[in-house]
>>> print(open('protein-v7.txt').read())   # compact mmCIF, C-alpha atoms and all ligand atoms
# COMPACT_ATOMS: atom_id res chain seq x y z
CA MET A 1 102.30 20.00 -9.95
CA TYR A 2 99.09 18.33 -8.87
CA ARG A 3 97.90 16.90 -5.54
CA ILE A 4 94.85 14.77 -4.83
CA GLY A 5 93.01 14.40 -1.53
CA ILE A 6 90.29 12.15 -0.15
CA GLY A 7 87.80 12.89 2.61
CA TYR A 8 85.02 11.06 4.40
CA ASP A 9 82.53 12.02 7.10
CA LEU A 10 79.50 10.55 8.82
CA HIS A 11 76.97 12.11 11.19
CA ARG A 12 74.12 10.65 13.17
CA LEU A 13 70.67 11.90 12.11
CA VAL A 14 68.59 13.05 15.07
CA PRO A 15 65.37 14.99 15.70
CA GLY A 16 65.60 18.64 16.67
CA ARG A 17 68.54 19.54 14.42
CA LYS A 18 68.59 21.26 11.06
CA LEU A 19 69.91 19.25 8.13
CA VAL A 20 72.61 21.32 6.43
CA LEU A 21 74.40 19.88 3.40
CA GLY A 22 76.81 21.81 1.25
CA GLY A 23 75.90 24.96 3.16
CA VAL A 24 72.22 24.64 2.21
CA ASP A 25 69.37 24.04 4.67
CA ILE A 26 67.55 20.92 3.46
CA PRO A 27 63.95 20.50 4.67
CA PHE A 28 63.84 17.18 6.55
CA HIS A 29 62.44 15.89 9.84
CA LEU A 30 65.92 14.94 11.08
CA GLY A 31 69.21 16.80 11.21
CA ALA A 32 72.86 15.93 11.69
CA ALA A 33 74.13 15.70 15.25
CA GLY A 34 77.44 17.44 15.69
CA HIS A 35 79.41 20.20 17.35
CA SER A 36 79.24 22.47 14.29
CA ASP A 37 76.24 22.54 11.95
CA GLY A 38 76.98 18.89 11.12
CA ASP A 39 77.41 19.51 7.39
CA CYS A 40 78.95 16.18 6.41
CA LEU A 41 79.34 17.15 2.74
CA ILE A 42 81.50 20.17 3.60
CA HIS A 43 83.37 18.20 6.28
CA ALA A 44 84.32 15.55 3.73
CA VAL A 45 85.44 18.25 1.28
CA ILE A 46 87.50 19.92 4.03
CA ASP A 47 89.30 16.66 4.81
CA ALA A 48 89.96 16.10 1.09
CA LEU A 49 91.48 19.59 0.79
CA LEU A 50 93.56 19.22 3.95
CA GLY A 51 94.67 15.78 2.83
CA ALA A 52 95.78 17.06 -0.55
CA VAL A 53 98.18 19.51 1.11
CA ALA A 54 99.03 17.09 3.97
CA ALA A 55 97.86 19.64 6.52
CA GLY A 56 96.11 17.40 9.02
CA ASP A 57 92.36 16.91 9.34
CA ILE A 58 89.21 18.74 10.33
CA GLY A 59 89.32 17.45 13.91
CA GLY A 60 92.79 18.88 14.40
CA HIS A 61 91.95 22.30 12.98
CA PHE A 62 88.49 22.62 14.52
CA PRO A 63 88.40 20.37 17.64
CA ASP A 64 84.94 19.70 19.02
CA THR A 65 86.30 20.53 22.48
CA ASP A 66 86.77 24.15 21.37
CA PRO A 67 83.69 26.32 22.06
CA ARG A 68 84.63 28.53 19.08
CA TRP A 69 83.35 25.81 16.75
CA LYS A 70 80.11 25.07 18.60
CA ASP A 71 77.32 25.50 16.02
CA ALA A 72 79.92 26.94 13.63
CA ARG A 73 78.82 27.29 10.05
CA SER A 74 80.80 24.78 8.02
CA THR A 75 80.99 27.27 5.15
CA ASP A 76 83.13 29.42 7.48
CA LEU A 77 85.34 26.42 8.28
CA LEU A 78 85.70 25.69 4.56
CA ALA A 79 86.74 29.30 3.91
CA ARG A 80 89.46 29.00 6.58
CA VAL A 81 90.69 25.75 5.03
CA MET A 82 90.84 27.41 1.61
CA GLU A 83 93.15 30.02 3.19
CA ILE A 84 95.47 27.15 4.20
CA VAL A 85 95.32 25.69 0.67
CA ARG A 86 96.17 29.07 -0.86
CA GLU A 87 98.94 29.77 1.67
CA LYS A 88 100.53 26.51 0.54
CA GLY A 89 100.39 27.77 -3.03
CA PHE A 90 97.58 25.64 -4.42
CA GLU A 91 94.28 26.21 -6.19
CA VAL A 92 91.40 23.77 -6.61
CA VAL A 93 90.96 22.11 -10.00
CA ASN A 94 87.84 20.14 -9.12
CA VAL A 95 85.95 18.45 -6.30
CA ASP A 96 83.78 15.35 -6.54
CA THR A 97 81.46 14.10 -3.81
CA VAL A 98 79.13 11.21 -3.01
CA VAL A 99 76.46 11.69 -0.34
CA VAL A 100 75.21 8.40 1.11
CA ALA A 101 71.78 8.71 2.71
CA GLU A 102 68.49 6.87 2.57
CA ALA A 103 66.61 10.22 2.51
CA PRO A 104 66.00 13.00 1.66
CA ARG A 105 66.55 13.25 -2.08
CA LEU A 106 69.17 15.89 -2.83
CA GLY A 107 68.70 16.36 -6.57
CA PRO A 108 66.62 19.54 -6.19
CA TYR A 109 69.41 21.16 -4.13
CA HIS A 110 72.45 20.51 -6.34
CA GLY A 111 72.22 23.98 -7.88
CA ALA A 112 71.91 25.71 -4.52
CA ILE A 113 74.85 23.71 -3.11
CA ARG A 114 77.01 24.67 -6.10
CA ASP A 115 75.98 28.33 -5.65
CA VAL A 116 77.26 28.23 -2.05
CA LEU A 117 80.39 26.09 -2.38
CA CYS A 118 81.90 27.00 -5.75
CA PRO A 119 82.68 30.63 -4.87
CA ILE A 120 84.38 29.50 -1.65
CA LEU A 121 86.37 26.83 -3.49
CA GLY A 122 87.20 29.20 -6.35
CA ILE A 123 85.88 26.80 -8.99
CA ALA A 124 83.13 26.85 -11.62
CA PRO A 125 79.85 25.00 -11.03
CA SER A 126 80.95 22.47 -13.62
CA ASP A 127 83.97 21.61 -11.42
CA LEU A 128 81.92 20.38 -8.44
CA GLY A 129 80.45 16.89 -8.70
CA ILE A 130 77.55 16.03 -6.38
CA LYS A 131 76.23 12.49 -6.42
CA ALA A 132 73.82 10.71 -4.12
CA LYS A 133 73.52 7.05 -3.20
CA THR A 134 71.29 5.16 -0.81
CA ALA A 135 72.56 2.28 1.29
CA GLU A 136 69.88 -0.04 -0.10
CA GLY A 137 68.27 -0.14 3.34
CA LEU A 138 71.34 -1.72 4.93
CA GLY A 139 73.18 -0.70 8.09
CA VAL A 140 72.93 2.54 10.06
CA ILE A 141 72.64 4.63 6.91
CA GLY A 142 70.04 2.33 5.41
CA GLU A 143 67.87 2.51 8.51
CA GLY A 144 68.04 6.32 8.34
CA SER A 145 70.14 6.81 11.47
CA ALA A 146 73.11 8.40 9.74
CA ILE A 147 74.28 10.30 6.69
CA ALA A 148 77.76 10.04 5.18
CA CYS A 149 79.76 11.71 2.45
CA HIS A 150 82.87 10.89 0.44
CA ALA A 151 84.88 13.57 -1.34
CA VAL A 152 87.94 13.78 -3.54
CA THR A 153 89.71 16.85 -4.81
CA LEU A 154 92.46 17.71 -7.25
CA LEU A 155 94.67 20.72 -6.52
CA ARG A 156 97.11 22.49 -8.84
CA LYS A 157 100.20 24.42 -7.75
CA CYS A 158 99.78 28.07 -8.68
CA ALA A 159 102.43 29.51 -10.98
ZN ZN B 1 81.42 16.15 10.32
>>> encode(input="protein-v7.txt", output="structure tokens")
Amino acid sequence: MYRIGIGYDLHRLVPGRKLVLGGVDIPFHLGAAGHSDGDCLIHAVIDALLGAVAAGDIGGHFPDTDPRWKDARSTDLLARVMEIVREKGFEVVNVDTVVVAEAPRLGPYHGAIRDVLCPILGIAPSDLGIKAKTAEGLGVIGEGSAIACHAVTLLRKCA
């Protein structure tokens, strides 16, 4: 038995914040505003996983009104969500993602992102897709004011 899930997230890019994507600190002059570390790649993956098991969304599990999640590392949130996935009897088959940002270029960090996320997800590096698109200079992403990510996942019921 298989389940698919879709996730999406967007964060404003602001000065004075670190840019964290896929659990990796990316050198950049702007970072993602947000209650946690603002890791929009992980947040999109979390919503895809929660969606696949119909277990709500990231805002319900980690509300930004809860001081426990202030500056929380999104890798820790992802690990908690994987506990939910496993409790429901599923394992991850693969995850695919698209990061939409005008800058920075993420190609040099794909390996580091896989090194962080794949052990948490319980998948091989070849089972995590990471793709990057620009917004062709259009809209809030194109002007560099925001970064967004789309994610899909396929889960398999454990025997
Ligand atoms: Zn987010």
>>> residues_around(input="protein-v7.txt", residues="A:Ala44", least_positions_apart="5", cutoff="10 Å", atoms="only C-alpha atoms", output="ChimeraX atom specification")
/A:6-10,39,49-50,57-58,97-99,148-152
>>> residues_around(input="protein-v7.txt", residues="A:Leu106", least_positions_apart="6", cutoff="12 Å", atoms="only C-alpha atoms", output="VMD selection string")
chain A and resid 19 to 22 24 to 28 41 98 to 100 112 to 113 130 to 134
>>> closest_residue(input="protein-v7.txt", among="A:Cys158, A:Leu121, A:Leu30, A:Ile46", to="ligand ZN 1 (chain B)", atoms="all atoms listed in the file")
A:Ile46
>>> axis_aligned_box(input="protein-v7.txt", around="stretch 71-83 of chain A", padding_each_side="6 Å", output="AutoDock Vina command-line options")
--center_x 85.2 --center_y 27.4 --center_z 8.8 --size_x 27.8 --size_y 17.2 --size_z 26.4
>>> residues_around(input="protein-v7.txt", residues="A:Ala55", least_positions_apart="2", cutoff="12 Å", atoms="only C-alpha atoms", output="MDAnalysis selection string")
chainID A and resid 5 46:53 57:61 81:85 87:88
>>> closest_residue(input="protein-v7.txt", among="A:Gly144, A:Glu136, A:Asp127, A:Ile4", to="A:Ala54", atoms="all atoms listed in the file")
A:Ile4
>>> atom_distance(input="protein-v7.txt", atom1="atom CA of A:Arg114", atom2="atom CA of A:Asp96")
11.5 Å
>>> closest_residue(input="protein-v7.txt", among="A:Ile147, A:Val140, A:Pro15, A:Pro67", to="ligand ZN 1 (chain B)", atoms="all atoms listed in the file")
A:Ile147
>>> residues_near_point(input="protein-v7.txt", point="(76.2, 21.2, 10.8)", cutoff="7 Å", atoms="only C-alpha atoms", output="list in words")
Val20, Ala32, Gly34, Ser36, Asp37, Gly38, Asp39, Asp71, Arg73 and Ser74 of chain A
>>> build_atoms(input="protein-v7.txt", residues="stretch 136-152 of chain A", atoms="N, CA, C and O atoms", output="PDB file, keeping the file's coordinate frame")
ATOM      1  N   GLU A 136      70.726   1.134   0.213  1.00  0.00           N
ATOM      2  CA  GLU A 136      69.880  -0.040  -0.100  1.00  0.00           C
ATOM      3  C   GLU A 136      69.221  -0.598   1.158  1.00  0.00           C
ATOM      4  O   GLU A 136      69.000  -1.806   1.264  1.00  0.00           O
ATOM      5  N   GLY A 137      68.954   0.300   2.131  1.00  0.00           N
ATOM      6  CA  GLY A 137      68.270  -0.140   3.340  1.00  0.00           C
ATOM      7  C   GLY A 137      69.143  -0.883   4.336  1.00  0.00           C
ATOM      8  O   GLY A 137      68.647  -1.381   5.349  1.00  0.00           O
ATOM      9  N   LEU A 138      70.451  -0.937   4.074  1.00  0.00           N
ATOM     10  CA  LEU A 138      71.340  -1.720   4.930  1.00  0.00           C
ATOM     11  C   LEU A 138      72.105  -0.842   5.914  1.00  0.00           C
ATOM     12  O   LEU A 138      72.510   0.273   5.582  1.00  0.00           O
ATOM     13  N   GLY A 139      72.325  -1.371   7.123  1.00  0.00           N
ATOM     14  CA  GLY A 139      73.180  -0.700   8.090  1.00  0.00           C
ATOM     15  C   GLY A 139      72.584   0.573   8.656  1.00  0.00           C
ATOM     16  O   GLY A 139      71.405   0.867   8.468  1.00  0.00           O
ATOM     17  N   VAL A 140      73.430   1.347   9.370  1.00  0.00           N
ATOM     18  CA  VAL A 140      72.930   2.540  10.060  1.00  0.00           C
ATOM     19  C   VAL A 140      72.450   3.593   9.062  1.00  0.00           C
ATOM     20  O   VAL A 140      71.516   4.336   9.343  1.00  0.00           O
ATOM     21  N   ILE A 141      73.092   3.649   7.897  1.00  0.00           N
ATOM     22  CA  ILE A 141      72.640   4.630   6.910  1.00  0.00           C
ATOM     23  C   ILE A 141      71.323   4.157   6.296  1.00  0.00           C
ATOM     24  O   ILE A 141      70.387   4.926   6.136  1.00  0.00           O
ATOM     25  N   GLY A 142      71.252   2.876   6.011  1.00  0.00           N
ATOM     26  CA  GLY A 142      70.040   2.330   5.410  1.00  0.00           C
ATOM     27  C   GLY A 142      68.815   2.454   6.290  1.00  0.00           C
ATOM     28  O   GLY A 142      67.696   2.629   5.789  1.00  0.00           O
ATOM     29  N   GLU A 143      69.011   2.371   7.600  1.00  0.00           N
ATOM     30  CA  GLU A 143      67.870   2.510   8.510  1.00  0.00           C
ATOM     31  C   GLU A 143      67.551   3.979   8.797  1.00  0.00           C
ATOM     32  O   GLU A 143      66.650   4.288   9.571  1.00  0.00           O
ATOM     33  N   GLY A 144      68.321   4.892   8.197  1.00  0.00           N
ATOM     34  CA  GLY A 144      68.040   6.320   8.340  1.00  0.00           C
ATOM     35  C   GLY A 144      68.617   6.957   9.579  1.00  0.00           C
ATOM     36  O   GLY A 144      68.239   8.066   9.938  1.00  0.00           O
ATOM     37  N   SER A 145      69.567   6.271  10.240  1.00  0.00           N
ATOM     38  CA  SER A 145      70.140   6.810  11.470  1.00  0.00           C
ATOM     39  C   SER A 145      71.380   7.651  11.229  1.00  0.00           C
ATOM     40  O   SER A 145      71.908   8.259  12.176  1.00  0.00           O
ATOM     41  N   ALA A 146      71.870   7.669  10.009  1.00  0.00           N
ATOM     42  CA  ALA A 146      73.110   8.400   9.740  1.00  0.00           C
ATOM     43  C   ALA A 146      73.164   8.823   8.283  1.00  0.00           C
ATOM     44  O   ALA A 146      72.463   8.276   7.424  1.00  0.00           O
ATOM     45  N   ILE A 147      74.015   9.821   8.048  1.00  0.00           N
ATOM     46  CA  ILE A 147      74.280  10.300   6.690  1.00  0.00           C
ATOM     47  C   ILE A 147      75.794  10.378   6.545  1.00  0.00           C
ATOM     48  O   ILE A 147      76.492  10.721   7.503  1.00  0.00           O
ATOM     49  N   ALA A 148      76.304  10.044   5.378  1.00  0.00           N
ATOM     50  CA  ALA A 148      77.760  10.040   5.180  1.00  0.00           C
ATOM     51  C   ALA A 148      78.082  10.721   3.858  1.00  0.00           C
ATOM     52  O   ALA A 148      77.207  10.882   2.988  1.00  0.00           O
ATOM     53  N   CYS A 149      79.333  11.117   3.718  1.00  0.00           N
ATOM     54  CA  CYS A 149      79.760  11.710   2.450  1.00  0.00           C
ATOM     55  C   CYS A 149      81.224  11.368   2.180  1.00  0.00           C
ATOM     56  O   CYS A 149      82.046  11.341   3.099  1.00  0.00           O
ATOM     57  N   HIS A 150      81.512  11.075   0.935  1.00  0.00           N
ATOM     58  CA  HIS A 150      82.870  10.890   0.440  1.00  0.00           C
ATOM     59  C   HIS A 150      83.206  12.061  -0.466  1.00  0.00           C
ATOM     60  O   HIS A 150      82.324  12.560  -1.180  1.00  0.00           O
ATOM     61  N   ALA A 151      84.466  12.478  -0.458  1.00  0.00           N
ATOM     62  CA  ALA A 151      84.880  13.570  -1.340  1.00  0.00           C
ATOM     63  C   ALA A 151      86.305  13.347  -1.812  1.00  0.00           C
ATOM     64  O   ALA A 151      87.139  12.818  -1.076  1.00  0.00           O
ATOM     65  N   VAL A 152      86.570  13.725  -3.036  1.00  0.00           N
ATOM     66  CA  VAL A 152      87.940  13.780  -3.540  1.00  0.00           C
ATOM     67  C   VAL A 152      88.145  15.150  -4.172  1.00  0.00           C
ATOM     68  O   VAL A 152      87.195  15.792  -4.633  1.00  0.00           O
TER      69      VAL A 152
END
